[in-house]
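**Q** Sharing upload03.txt below, compact mmCIF, C-alpha atoms and all ligand atoms:
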```
# COMPACT_ATOMS: atom_id res chain seq x y z
CA MET A 233 -84.29 51.42 40.37
CA LYS A 234 -85.20 52.60 36.84
CA SER A 235 -83.57 55.73 35.45
CA VAL A 236 -85.27 58.48 33.45
CA ILE A 237 -83.76 61.22 31.29
CA ILE A 238 -85.93 64.17 30.30
CA VAL A 239 -84.83 66.09 27.21
CA GLY A 240 -85.97 69.73 27.21
CA GLY A 241 -86.83 71.90 30.21
CA GLY A 242 -89.86 73.90 29.13
CA ILE A 243 -93.16 73.65 30.96
CA SER A 244 -93.81 69.99 30.20
CA GLY A 245 -90.26 68.80 30.95
CA LEU A 246 -90.03 70.70 34.24
CA ILE A 247 -93.44 69.60 35.51
CA THR A 248 -92.79 65.97 34.54
CA ALA A 249 -89.45 66.14 36.34
CA ILE A 250 -91.02 67.55 39.52
CA GLN A 251 -93.67 64.82 39.64
CA LEU A 252 -91.17 62.00 39.09
CA ALA A 253 -88.73 63.38 41.68
CA ARG A 254 -91.46 63.77 44.28
CA ALA A 255 -92.56 60.18 43.64
CA GLY A 256 -89.05 58.89 44.39
CA THR A 257 -87.62 58.64 40.84
CA PRO A 258 -85.51 61.80 40.47
CA PRO A 259 -84.76 62.16 36.74
CA THR A 260 -81.94 63.92 34.94
CA LEU A 261 -83.24 66.87 32.92
CA ILE A 262 -81.11 68.11 30.02
CA GLU A 263 -81.83 71.65 28.78
CA LYS A 264 -79.84 73.44 26.10
CA LYS A 265 -80.29 76.90 27.65
CA VAL A 266 -79.76 78.39 31.14
CA TYR A 267 -82.66 79.73 33.26
CA PRO A 268 -84.08 82.31 33.30
CA PHE A 269 -84.62 83.06 29.61
CA HIS A 270 -87.31 84.49 27.35
CA ARG A 271 -89.11 82.46 24.72
CA VAL A 272 -91.80 83.20 22.15
CA CYS A 273 -95.16 82.59 23.82
CA GLY A 274 -98.37 84.51 24.49
CA GLU A 275 -97.89 83.74 28.22
CA TYR A 276 -101.60 83.24 28.91
CA ILE A 277 -102.21 80.00 30.83
CA SER A 278 -105.70 78.54 30.61
CA GLY A 279 -107.61 78.23 33.91
CA GLU A 280 -108.11 74.47 33.54
CA THR A 281 -104.57 74.05 34.92
CA VAL A 282 -105.14 75.93 38.18
CA PRO A 283 -106.43 73.06 40.43
CA PHE A 284 -103.49 70.85 39.40
CA LEU A 285 -100.88 73.60 39.80
CA LYS A 286 -102.26 74.55 43.21
CA LYS A 287 -102.32 70.93 44.36
CA LEU A 288 -98.63 70.58 43.49
CA GLY A 289 -97.74 74.00 44.97
CA LEU A 290 -96.76 75.16 41.46
CA TYR A 291 -99.23 78.00 40.99
CA PRO A 292 -96.97 81.07 40.76
CA GLU A 293 -98.59 82.88 43.69
CA PRO A 294 -95.48 84.99 44.51
CA PHE A 295 -95.86 86.80 41.14
CA SER A 296 -99.55 87.69 41.71
CA PRO A 297 -100.37 86.81 38.09
CA PRO A 298 -103.26 88.80 36.58
CA VAL A 299 -106.46 86.74 36.41
CA ILE A 300 -108.05 86.92 32.94
CA SER A 301 -111.78 86.42 32.35
CA ARG A 302 -112.72 88.45 29.23
CA PHE A 303 -111.83 88.03 25.58
CA GLN A 304 -111.69 90.69 22.88
CA LEU A 305 -111.59 89.77 19.20
CA THR A 306 -110.87 92.32 16.48
CA SER A 307 -111.01 91.76 12.73
CA VAL A 308 -108.43 92.65 10.09
CA ASN A 309 -110.16 95.98 9.45
CA GLY A 310 -110.81 96.79 13.10
CA LYS A 311 -114.28 95.55 14.05
CA SER A 312 -114.41 94.40 17.66
CA ALA A 313 -116.41 92.11 19.99
CA TYR A 314 -116.10 90.94 23.60
CA LEU A 315 -116.85 87.55 25.19
CA GLN A 316 -116.90 86.42 28.80
CA LEU A 317 -114.60 83.39 29.16
CA ASP A 318 -115.99 80.40 31.07
CA SER A 319 -112.75 79.16 32.59
CA GLY A 320 -110.44 82.11 31.78
CA GLY A 321 -106.82 81.94 32.82
CA PHE A 322 -103.85 83.85 34.19
CA GLY A 323 -100.83 85.62 32.76
CA ILE A 324 -97.16 85.14 33.64
CA SER A 325 -93.97 85.45 31.60
CA ARG A 326 -92.12 82.28 30.71
CA TYR A 327 -88.99 84.03 32.03
CA ALA A 328 -90.55 84.06 35.50
CA PHE A 329 -92.63 80.88 35.38
CA ASP A 330 -90.02 78.49 33.94
CA HIS A 331 -87.45 79.79 36.42
CA PHE A 332 -89.95 79.33 39.27
CA LEU A 333 -90.55 75.70 38.14
CA TYR A 334 -86.79 75.14 37.80
CA GLU A 335 -86.26 76.22 41.42
CA ARG A 336 -89.07 73.87 42.54
CA ALA A 337 -87.54 71.02 40.48
CA LYS A 338 -84.10 71.52 42.03
CA ALA A 339 -85.68 71.49 45.50
CA ALA A 340 -87.43 68.21 44.62
CA GLY A 341 -84.09 66.59 43.73
CA VAL A 342 -84.08 66.77 39.91
CA HIS A 343 -80.56 66.58 38.50
CA PHE A 344 -80.01 69.25 35.81
CA LEU A 345 -77.60 69.41 32.91
CA LEU A 346 -77.99 72.97 31.65
CA ASN A 347 -76.40 74.63 28.66
CA THR A 348 -76.31 71.13 27.18
CA GLN A 349 -77.88 70.11 23.89
CA VAL A 350 -78.89 66.52 23.24
CA ASP A 351 -77.70 65.59 19.75
CA GLN A 352 -78.99 62.06 19.47
CA ILE A 353 -81.16 59.48 21.23
CA LEU A 354 -80.35 55.88 20.32
CA ARG A 355 -82.03 52.65 21.37
CA ARG A 356 -79.66 49.97 22.77
CA ASP A 357 -81.48 46.68 23.43
CA ASP A 358 -84.07 47.65 26.03
CA ARG A 359 -82.29 50.86 27.06
CA PHE A 360 -81.44 54.25 25.54
CA LEU A 361 -78.23 56.12 24.86
CA VAL A 362 -78.60 59.89 25.12
CA GLN A 363 -75.77 61.70 23.42
CA THR A 364 -74.58 65.26 24.04
CA LYS A 365 -71.39 66.91 22.77
CA ASP A 366 -69.41 65.68 25.79
CA GLN A 367 -71.28 62.73 27.23
CA LYS A 368 -73.11 59.50 26.46
CA LEU A 369 -75.72 58.71 29.10
CA GLU A 370 -77.49 55.37 29.41
CA THR A 371 -81.01 55.22 30.74
CA ASP A 372 -84.15 53.05 30.97
CA LEU A 373 -86.62 55.70 29.78
CA VAL A 374 -86.44 58.88 27.74
CA VAL A 375 -89.11 61.56 28.03
CA SER A 376 -88.86 64.04 25.16
CA SER A 377 -90.18 67.47 25.98
CA PHE A 378 -88.00 69.35 23.51
CA GLY A 379 -90.82 71.52 22.20
CA LYS A 380 -92.29 72.33 18.82
CA ARG A 381 -89.14 71.87 16.75
CA SER A 382 -85.73 70.54 17.65
CA THR A 383 -82.67 69.21 15.89
CA LEU A 384 -83.70 65.92 17.49
CA ASP A 385 -86.82 65.77 15.31
CA ALA A 386 -84.49 65.58 12.32
CA SER A 387 -82.18 63.01 13.91
CA LEU A 388 -85.23 60.89 14.82
CA ASN A 389 -86.44 61.32 11.23
CA ARG A 390 -89.92 62.47 12.32
CA SER A 391 -92.04 63.03 9.24
CA PHE A 392 -93.42 66.52 10.09
CA ILE A 393 -89.91 67.99 9.98
CA LYS A 394 -89.65 67.38 6.25
CA LYS A 395 -92.50 69.81 5.52
CA ARG A 396 -91.63 73.51 5.71
CA SER A 397 -94.00 75.74 7.66
CA PRO A 398 -94.66 79.38 6.68
CA TYR A 399 -95.37 80.65 10.21
CA ILE A 400 -93.12 82.97 12.18
CA GLY A 401 -93.68 84.02 15.82
CA VAL A 402 -92.67 87.35 17.41
CA LYS A 403 -92.90 88.39 21.07
CA TYR A 404 -92.52 91.70 22.90
CA HIS A 405 -93.07 92.81 26.48
CA ILE A 406 -94.57 96.26 26.58
CA ARG A 407 -95.98 98.83 29.00
CA THR A 408 -99.36 99.97 27.83
CA ASP A 409 -102.89 100.63 28.95
CA HIS A 410 -104.35 97.10 28.84
CA PRO A 411 -106.97 95.87 31.37
CA ASN A 412 -105.75 93.09 33.68
CA ASP A 413 -108.79 90.85 33.10
CA LEU A 414 -108.66 90.95 29.27
CA ILE A 415 -107.01 88.80 26.63
CA ALA A 416 -107.24 90.33 23.16
CA LEU A 417 -106.73 88.67 19.79
CA HIS A 418 -106.23 91.14 16.94
CA ASN A 419 -106.41 89.82 13.38
CA PHE A 420 -104.25 91.10 10.55
CA LYS A 421 -103.65 89.74 7.06
CA ASP A 422 -102.49 86.09 7.32
CA GLY A 423 -101.94 86.34 11.07
CA TYR A 424 -103.06 87.36 14.52
CA CYS A 425 -101.65 89.10 17.56
CA GLY A 426 -102.45 88.18 21.19
CA MET A 427 -102.23 90.63 24.07
CA SER A 428 -102.61 89.98 27.79
CA ASN A 429 -101.02 91.19 30.97
CA ILE A 430 -98.31 89.35 32.88
CA GLU A 431 -96.57 90.03 36.22
CA ALA A 432 -95.25 93.41 37.35
CA GLY A 433 -97.63 95.55 35.30
CA LYS A 434 -96.25 94.37 31.97
CA THR A 435 -98.17 93.27 28.88
CA ASN A 436 -97.27 90.45 26.52
CA LEU A 437 -97.72 91.20 22.83
CA CYS A 438 -97.10 88.15 20.67
CA TYR A 439 -98.03 87.53 17.07
CA LEU A 440 -97.99 84.82 14.44
CA SER A 441 -97.38 85.98 10.86
CA HIS A 442 -96.54 84.56 7.45
CA ARG A 443 -92.92 84.57 6.33
CA ARG A 444 -93.95 85.85 2.87
CA HIS A 445 -94.72 89.27 4.45
CA LEU A 446 -91.32 89.38 6.10
CA LYS A 447 -89.71 88.54 2.77
CA GLN A 448 -91.74 91.22 0.99
CA TYR A 449 -91.04 94.04 3.48
CA GLY A 450 -87.50 93.04 4.46
CA ASN A 451 -87.65 93.44 8.25
CA LEU A 452 -90.07 93.13 11.18
CA LYS A 453 -90.63 96.86 11.65
CA ALA A 454 -91.52 97.43 8.01
CA MET A 455 -93.76 94.36 8.00
CA GLU A 456 -95.55 95.50 11.17
CA GLN A 457 -96.22 98.93 9.67
CA ALA A 458 -97.38 97.56 6.32
CA VAL A 459 -99.41 94.56 7.51
CA LEU A 460 -100.29 94.70 11.24
CA PHE A 461 -101.07 98.44 11.27
CA LYS A 462 -103.99 97.90 8.84
CA ASN A 463 -105.84 96.86 11.99
CA PRO A 464 -106.39 100.23 13.74
CA PHE A 465 -106.21 98.60 17.19
CA LEU A 466 -102.71 97.30 16.48
CA LYS A 467 -101.59 100.59 14.95
CA SER A 468 -102.65 102.44 18.09
CA ILE A 469 -101.07 99.86 20.44
CA PHE A 470 -97.72 99.90 18.62
CA ARG A 471 -97.73 103.73 18.50
CA ASN A 472 -98.72 104.28 22.16
CA SER A 473 -96.76 101.66 24.11
CA ASP A 474 -93.25 101.38 25.58
CA PHE A 475 -91.43 98.39 24.14
CA LEU A 476 -89.24 96.86 26.84
CA PHE A 477 -86.96 94.47 24.89
CA GLU A 478 -84.00 95.74 22.90
CA LYS A 479 -85.14 93.40 20.17
CA PRO A 480 -88.10 91.00 20.04
CA GLU A 481 -87.93 87.25 20.61
CA THR A 482 -88.55 85.48 17.29
CA ILE A 483 -88.97 81.95 15.95
CA ASN A 484 -89.80 80.51 12.57
CA GLU A 485 -90.99 77.21 11.10
CA ILE A 486 -93.87 76.82 13.57
CA SER A 487 -95.52 73.59 12.53
CA PHE A 488 -98.99 72.30 13.41
CA GLU A 489 -98.54 68.95 11.66
CA THR A 490 -99.58 65.73 13.41
CA LYS A 491 -96.79 64.21 15.54
CA GLY A 492 -97.73 61.65 18.20
CA PRO A 493 -97.14 60.72 21.86
CA VAL A 494 -94.76 57.76 21.37
CA ASP A 495 -92.10 57.63 18.69
CA GLN A 496 -89.43 54.90 18.47
CA HIS A 497 -90.24 54.01 22.13
CA ILE A 498 -89.51 57.61 23.19
CA LEU A 499 -92.30 59.20 25.24
CA MET A 500 -93.24 62.59 23.84
CA THR A 501 -94.92 65.28 25.90
CA GLY A 502 -96.00 68.91 25.36
CA ASP A 503 -95.39 70.37 21.90
CA ALA A 504 -93.08 67.45 21.02
CA ALA A 505 -96.22 65.27 20.94
CA GLY A 506 -98.39 67.83 19.12
CA MET A 507 -98.77 71.60 19.00
CA ILE A 508 -102.11 73.36 19.12
CA ALA A 509 -102.62 76.62 17.20
CA PRO A 510 -101.47 79.47 19.50
CA LEU A 511 -104.74 81.40 19.10
CA CYS A 512 -106.37 78.78 21.35
CA GLY A 513 -104.18 79.90 24.28
CA ASN A 514 -104.08 76.26 25.32
CA GLY A 515 -100.57 74.99 24.44
CA MET A 516 -99.19 75.34 27.95
CA ALA A 517 -102.32 73.78 29.48
CA MET A 518 -101.86 70.82 27.13
CA ALA A 519 -98.16 70.63 28.00
CA ILE A 520 -99.00 70.59 31.72
CA HIS A 521 -101.85 68.10 31.32
CA SER A 522 -99.81 65.72 29.15
CA SER A 523 -96.99 65.81 31.70
CA LYS A 524 -99.48 64.89 34.45
CA VAL A 525 -100.84 61.93 32.45
CA LEU A 526 -97.39 60.73 31.41
CA SER A 527 -95.91 61.03 34.91
CA GLU A 528 -98.59 58.78 36.38
CA TYR A 529 -97.74 55.97 33.91
CA VAL A 530 -93.97 56.47 34.27
CA ILE A 531 -94.22 56.34 38.08
CA ARG A 532 -96.14 53.05 37.79
CA PHE A 533 -93.55 51.66 35.36
CA CYS A 534 -90.74 52.57 37.76
CA ASN A 535 -92.42 50.98 40.78
CA ASP A 536 -94.39 47.98 39.50
CA PRO A 537 -92.26 45.23 37.87
CA ARG A 538 -95.40 43.71 36.29
CA TYR A 539 -96.15 46.93 34.42
CA THR A 540 -94.09 46.62 31.24
CA ARG A 541 -92.73 49.13 28.74
CA ASP A 542 -95.41 47.94 26.27
CA ASP A 543 -98.11 48.66 28.88
CA LEU A 544 -96.69 52.11 29.50
CA GLU A 545 -96.45 53.05 25.82
CA ARG A 546 -99.91 51.67 25.02
CA ASP A 547 -101.64 53.34 28.00
CA TYR A 548 -99.99 56.72 27.48
CA ALA A 549 -100.70 56.77 23.72
CA ARG A 550 -104.33 55.85 24.33
CA SER A 551 -104.85 58.46 27.06
CA TRP A 552 -103.04 61.19 25.11
CA LYS A 553 -105.14 60.59 21.98
CA GLY A 554 -108.37 60.53 24.00
CA ILE A 555 -107.61 63.84 25.71
CA PHE A 556 -105.85 65.89 23.03
CA GLU A 557 -106.44 64.65 19.49
CA LYS A 558 -109.81 66.37 18.91
CA ARG A 559 -108.55 69.60 20.47
CA LEU A 560 -105.60 69.74 18.09
CA LEU A 561 -107.89 69.20 15.12
CA ALA A 562 -110.34 71.90 16.27
CA GLY A 563 -107.45 74.34 16.76
CA ARG A 564 -106.16 73.71 13.23
CA GLN A 565 -109.63 74.26 11.74
CA ILE A 566 -110.37 77.43 13.71
CA GLN A 567 -106.96 78.88 12.83
CA ARG A 568 -108.00 78.80 9.15
CA LEU A 569 -110.65 81.42 9.93
CA PHE A 570 -108.05 83.85 11.26
CA GLY A 571 -106.08 86.35 9.21
CA GLY A 572 -108.69 86.80 6.44
CA GLU A 573 -110.69 90.02 6.05
CA HIS A 574 -114.07 88.35 5.49
CA THR A 575 -113.59 85.43 7.87
CA SER A 576 -112.33 87.64 10.72
CA ASN A 577 -115.31 90.00 10.26
CA TRP A 578 -117.60 86.98 10.28
CA MET A 579 -116.05 85.75 13.54
CA VAL A 580 -116.43 89.15 15.17
CA GLY A 581 -120.10 89.12 14.06
CA MET A 582 -120.51 85.70 15.63
CA ALA A 583 -118.87 86.82 18.89
CA ARG A 584 -121.28 89.81 18.96
CA TYR A 585 -124.56 88.21 17.90
CA ALA A 586 -124.17 84.45 18.43
CA LYS A 587 -122.30 84.26 21.73
CA PRO A 588 -123.33 80.63 22.54
CA VAL A 589 -121.78 79.47 19.23
CA ALA A 590 -118.62 81.49 19.88
CA ASN A 591 -118.37 80.03 23.41
CA TRP A 592 -118.88 76.54 22.00
CA LEU A 593 -115.94 77.09 19.62
CA VAL A 594 -113.72 78.28 22.48
CA LYS A 595 -114.68 75.18 24.49
CA LYS A 596 -113.73 72.89 21.57
CA THR A 597 -110.08 73.87 21.98
CA HIS A 598 -110.01 73.76 25.80
CA GLY A 599 -110.14 70.95 28.31
CA LYS A 600 -111.85 70.59 31.67
CA PRO A 601 -110.01 71.38 34.94
CA PHE A 602 -107.79 68.43 35.87
C1 LIG B 1 -96.50 82.57 18.86
C2 LIG B 1 -96.92 81.61 19.95
C3 LIG B 1 -97.75 82.04 20.97
C4 LIG B 1 -98.18 81.14 21.97
N1 LIG B 1 -98.99 81.59 22.96
C5 LIG B 1 -99.44 80.74 23.91
C6 LIG B 1 -100.28 81.20 24.96
O1 LIG B 1 -100.60 82.37 25.10
N2 LIG B 1 -100.75 80.26 25.85
C7 LIG B 1 -100.40 78.95 25.77
O2 LIG B 1 -100.87 78.16 26.59
N3 LIG B 1 -99.56 78.51 24.81
C8 LIG B 1 -99.07 79.38 23.89
N4 LIG B 1 -98.20 78.94 22.93
C9 LIG B 1 -97.78 77.53 22.95
C10 LIG B 1 -96.78 77.26 24.09
O3 LIG B 1 -95.69 78.15 24.00
C11 LIG B 1 -96.29 75.83 23.99
O4 LIG B 1 -97.38 74.96 23.82
C12 LIG B 1 -95.51 75.40 25.26
O5 LIG B 1 -94.38 76.22 25.42
C13 LIG B 1 -95.08 73.95 25.14
O6 LIG B 1 -94.24 73.62 26.20
P1 LIG B 1 -93.15 72.48 26.02
O7 LIG B 1 -92.63 72.22 27.37
O8 LIG B 1 -93.70 71.36 25.24
O9 LIG B 1 -92.04 73.12 25.07
P2 LIG B 1 -91.13 74.40 25.28
O10 LIG B 1 -91.68 75.30 26.31
O11 LIG B 1 -90.88 74.95 23.91
O12 LIG B 1 -89.75 73.81 25.85
C14 LIG B 1 -88.90 73.00 25.09
C15 LIG B 1 -87.52 73.06 25.70
O13 LIG B 1 -86.67 72.09 25.10
C16 LIG B 1 -85.36 72.65 24.93
N5 LIG B 1 -84.70 71.86 23.87
C17 LIG B 1 -85.07 71.75 22.57
N6 LIG B 1 -84.24 70.91 21.92
C18 LIG B 1 -83.33 70.48 22.84
C19 LIG B 1 -82.20 69.60 22.77
N7 LIG B 1 -81.87 68.98 21.61
N8 LIG B 1 -81.48 69.40 23.89
C20 LIG B 1 -81.83 70.01 25.07
N9 LIG B 1 -82.87 70.87 25.19
C21 LIG B 1 -83.61 71.08 24.08
C22 LIG B 1 -85.64 74.10 24.57
O14 LIG B 1 -84.54 74.94 24.82
C23 LIG B 1 -86.83 74.41 25.46
O15 LIG B 1 -86.44 74.97 26.70
C24 LIG B 1 -97.74 79.80 21.93
C25 LIG B 1 -96.87 79.38 20.93
C26 LIG B 1 -96.44 80.27 19.94
C27 LIG B 1 -95.51 79.78 18.87
```
What would the structure in this file look like if it were written as structure tokens?
**A**
Amino acid sequence: MKSVIIVGGGISGLITAIQLARAGTPPTLIEKKVYPFHRVCGEYISGETVPFLKKLGLYPEPFSPPVISRFQLTSVNGKSAYLQLDSGGFGISRYAFDHFLYERAKAAGVHFLLNTQVDQILRRDDRFLVQTKDQKLETDLVVSSFGKRSTLDASLNRSFIKKRSPYIGVKYHIRTDHPNDLIALHNFKDGYCGMSNIEAGKTNLCYLSHRRHLKQYGNLKAMEQAVLFKNPFLKSIFRNSDFLFEKPETINEISFETKGPVDQHILMTGDAAGMIAPLCGNGMAMAIHSSKVLSEYVIRFCNDPRYTRDDLERDYARSWKGIFEKRLLAGRQIQRLFGGEHTSNWMVGMARYAKPVANWLVKKTHGKPF
């Protein structure tokens, strides 16, 4: 029987683990944190994932997630437009959803090593050596689902890690007056802020900004007042909401550089293979879809002796590129239009007066139900 180690227990790692375990190859999943925990994310999951999640019994029904079908876009200086979303989505916190998936994974027989960071992945002949502080584990296959940026990217010498990225991400949970069916994207200088409801009457407020503003104003609060509040929508939301965290979740060095689905024979999934611009609200859908595609090939590799490692790597790389490459490119290009006064006004104008074009742009960054 072939063995599989999954490194990183976010959405893609957990869903890959569940599929492999249910197909009779229970993997070991190594996660550096302990569930449940918060992470920076807009927590809007695109509707294309719903058929798959329901089929696997992984749609988070017990949390009654708000169903989202409308989109509001505001410009840097506060012009606004609404769009009906074709596929829409639902909202749930990562705190709740990842923990829900973790419970499902344990029930399926996945073996977890929590609070454990993988420091190195080495190739030994046709096998791998996965190294943590206390252990060296040998395995046939490694699935890397360690997210957008990990110390492992440096140890694997992946080229994107050498380029610094100016983007920082900040997340709050708030109580405010925000309609359940609406996702809003508010522009501000060099950034944008997403807002949508999650479980238990809470709202996610998550923004992407440029580190130069943080440097200039010294701290998040001062930066928010000086930069985000120029958009009157954001000023009003920040002034009239209850902020539920003692301090926000933050990350920096968010990179949208090209990565790739197979690196040094390691199978990459989710953000580890490539990260789409957050404004698309499609990163988790891509993570879930890539884990579905990868799991099918891994299950075949584990069960069919004629299906070789070369077959697996070739088939997964080909499928991944076919499904995601154009979406990543479209996301990068559309992101350039955000955060500028003129470009954000232009986009609001398009969403008001050229709805078919605006819908076409949204579709470019989304996939079909799978
Ligand atoms: C500001 C912002 C807003 C976003 N908003 C949305 C949104 O609204 N909708 C959407 O669909 N997507 C959104 N995304 C993208 C989404 O968060 C990601 O695409 C998604 O989380 C990818 O899942 P993943 O499983 O690949 O990685 P992650 O969910 O990041 O999980 C990676 C896991 O690996 C673990 N790990 C890392 N290194 C190691 C190691 N060495 N050893 C062990 N464990 C390790 C981490 O602790 C983590 O748990 C947003 C992203 C950002 C930055």
**Q** Would you list the contacts of Glu335 of chain A as a PDB file with C-alpha atoms, keeping the file's coordinate frame, taking every protein, DNA or RNA residue within 10 Å and counting all atoms listed in the file, but skipping same-chain residues closer than 5 positions in sequence?
**A**
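The new file part_12.pdb reads:
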```
ATOM      1  CA  LEU A 246     -90.030  70.700  34.240  1.00  0.00           C
ATOM      2  CA  TYR A 267     -82.660  79.730  33.260  1.00  0.00           C
ATOM      3  CA  PHE A 329     -92.630  80.880  35.380  1.00  0.00           C
ATOM      4  CA  ASP A 330     -90.020  78.490  33.940  1.00  0.00           C
ATOM      5  CA  ALA A 340     -87.430  68.210  44.620  1.00  0.00           C
ATOM      6  CA  VAL A 342     -84.080  66.770  39.910  1.00  0.00           C
TER       7      VAL A 342
END
```
**Q** Quick one: residues within 7 Å of ligand LIG 1 (chain B), with all atoms listed in the file, as a ChimeraX atom specification?
**A** /A:239-245,262-265,272-278,348-351,377-380,382-384,401-402,438-440,486,501-504,507-508,510-511,513-519
**Q** Please write the residues from the selection above to a file, keeping C-alpha atoms, as a PDB file, keeping the file's coordinate frame.
**A**
```pdb
ATOM      1  CA  VAL A 239     -84.830  66.090  27.210  1.00  0.00           C
ATOM      2  CA  GLY A 240     -85.970  69.730  27.210  1.00  0.00           C
ATOM      3  CA  GLY A 241     -86.830  71.900  30.210  1.00  0.00           C
ATOM      4  CA  GLY A 242     -89.860  73.900  29.130  1.00  0.00           C
ATOM      5  CA  ILE A 243     -93.160  73.650  30.960  1.00  0.00           C
ATOM      6  CA  SER A 244     -93.810  69.990  30.200  1.00  0.00           C
ATOM      7  CA  GLY A 245     -90.260  68.800  30.950  1.00  0.00           C
ATOM      8  CA  ILE A 262     -81.110  68.110  30.020  1.00  0.00           C
ATOM      9  CA  GLU A 263     -81.830  71.650  28.780  1.00  0.00           C
ATOM     10  CA  LYS A 264     -79.840  73.440  26.100  1.00  0.00           C
ATOM     11  CA  LYS A 265     -80.290  76.900  27.650  1.00  0.00           C
ATOM     12  CA  VAL A 272     -91.800  83.200  22.150  1.00  0.00           C
ATOM     13  CA  CYS A 273     -95.160  82.590  23.820  1.00  0.00           C
ATOM     14  CA  GLY A 274     -98.370  84.510  24.490  1.00  0.00           C
ATOM     15  CA  GLU A 275     -97.890  83.740  28.220  1.00  0.00           C
ATOM     16  CA  TYR A 276    -101.600  83.240  28.910  1.00  0.00           C
ATOM     17  CA  ILE A 277    -102.210  80.000  30.830  1.00  0.00           C
ATOM     18  CA  SER A 278    -105.700  78.540  30.610  1.00  0.00           C
ATOM     19  CA  THR A 348     -76.310  71.130  27.180  1.00  0.00           C
ATOM     20  CA  GLN A 349     -77.880  70.110  23.890  1.00  0.00           C
ATOM     21  CA  VAL A 350     -78.890  66.520  23.240  1.00  0.00           C
ATOM     22  CA  ASP A 351     -77.700  65.590  19.750  1.00  0.00           C
ATOM     23  CA  SER A 377     -90.180  67.470  25.980  1.00  0.00           C
ATOM     24  CA  PHE A 378     -88.000  69.350  23.510  1.00  0.00           C
ATOM     25  CA  GLY A 379     -90.820  71.520  22.200  1.00  0.00           C
ATOM     26  CA  LYS A 380     -92.290  72.330  18.820  1.00  0.00           C
ATOM     27  CA  SER A 382     -85.730  70.540  17.650  1.00  0.00           C
ATOM     28  CA  THR A 383     -82.670  69.210  15.890  1.00  0.00           C
ATOM     29  CA  LEU A 384     -83.700  65.920  17.490  1.00  0.00           C
ATOM     30  CA  GLY A 401     -93.680  84.020  15.820  1.00  0.00           C
ATOM     31  CA  VAL A 402     -92.670  87.350  17.410  1.00  0.00           C
ATOM     32  CA  CYS A 438     -97.100  88.150  20.670  1.00  0.00           C
ATOM     33  CA  TYR A 439     -98.030  87.530  17.070  1.00  0.00           C
ATOM     34  CA  LEU A 440     -97.990  84.820  14.440  1.00  0.00           C
ATOM     35  CA  ILE A 486     -93.870  76.820  13.570  1.00  0.00           C
ATOM     36  CA  THR A 501     -94.920  65.280  25.900  1.00  0.00           C
ATOM     37  CA  GLY A 502     -96.000  68.910  25.360  1.00  0.00           C
ATOM     38  CA  ASP A 503     -95.390  70.370  21.900  1.00  0.00           C
ATOM     39  CA  ALA A 504     -93.080  67.450  21.020  1.00  0.00           C
ATOM     40  CA  MET A 507     -98.770  71.600  19.000  1.00  0.00           C
ATOM     41  CA  ILE A 508    -102.110  73.360  19.120  1.00  0.00           C
ATOM     42  CA  PRO A 510    -101.470  79.470  19.500  1.00  0.00           C
ATOM     43  CA  LEU A 511    -104.740  81.400  19.100  1.00  0.00           C
ATOM     44  CA  GLY A 513    -104.180  79.900  24.280  1.00  0.00           C
ATOM     45  CA  ASN A 514    -104.080  76.260  25.320  1.00  0.00           C
ATOM     46  CA  GLY A 515    -100.570  74.990  24.440  1.00  0.00           C
ATOM     47  CA  MET A 516     -99.190  75.340  27.950  1.00  0.00           C
ATOM     48  CA  ALA A 517    -102.320  73.780  29.480  1.00  0.00           C
ATOM     49  CA  MET A 518    -101.860  70.820  27.130  1.00  0.00           C
ATOM     50  CA  ALA A 519     -98.160  70.630  28.000  1.00  0.00           C
TER      51      ALA A 519
END
```
**Q** I want to know what sits within 10 Å of Gly256 of chain A, based on all atoms listed in the file, with residues of the same chain fewer than 6 positions away left out; could you give that as a count of residues only?
**A** 6
**Q** Here's a test: counting only C-alpha atoms, identify every protein, DNA and RNA residue with an atom at most 12 Å from (-106.4, 66.8, 16.3) in the file's coordinate frame, and state them as a count of residues only.
**A** 27
**Q** Using only C-alpha atoms, pick whichever of A:Leu354, A:Ile520, A:Leu569, A:Leu414 has the shortest atom-to-atom distance to Leu593 of chain A.
**A**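 Selected residue with least distance to Leu593 of chain A: A:Leu569.
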**Q** May I have a table of the residues of segment 310-369 of chain A lying at most 10 Å from segment 461-472 of chain A, giving each one's closest pair of atoms and their distance in Å to one decimal, counting all atoms listed in the file, ordered by chain and ascending residue number, as a tab-separated table?
**A**
```
residue	atom	partner	partner_atom	distance
A:Gly310	CA	A:Asn463	CA	5.1
A:Lys311	CA	A:Asn463	CA	8.8
A:Ser312	CA	A:Phe465	CA	9.2
```
**Q** Atoms to include: C-alpha atoms. Write the selected residues as an mmCIF file, keeping the file's coordinate frame.
**A**
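Result written to result_1.cif:
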```cif
data_model
loop_
_atom_site.group_PDB
_atom_site.id
_atom_site.type_symbol
_atom_site.label_atom_id
_atom_site.label_comp_id
_atom_site.auth_asym_id
_atom_site.auth_seq_id
_atom_site.Cartn_x
_atom_site.Cartn_y
_atom_site.Cartn_z
ATOM 1 C CA GLY A 310 -110.810 96.790 13.100
ATOM 2 C CA LYS A 311 -114.280 95.550 14.050
ATOM 3 C CA SER A 312 -114.410 94.400 17.660
#
```
**Q** Give me the residues within 9 Å of Glu280 of chain A as a list in words, counting all atoms listed in the file and dropping any in the same chain fewer than 2 places off.
**A**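 The contact residues come out as Ile277, Ser278, Val282, Pro283, Phe284, Ser319, Gly320, Gly321, Ala517, His598, Gly599, Lys600, Pro601 and Phe602 of chain A.
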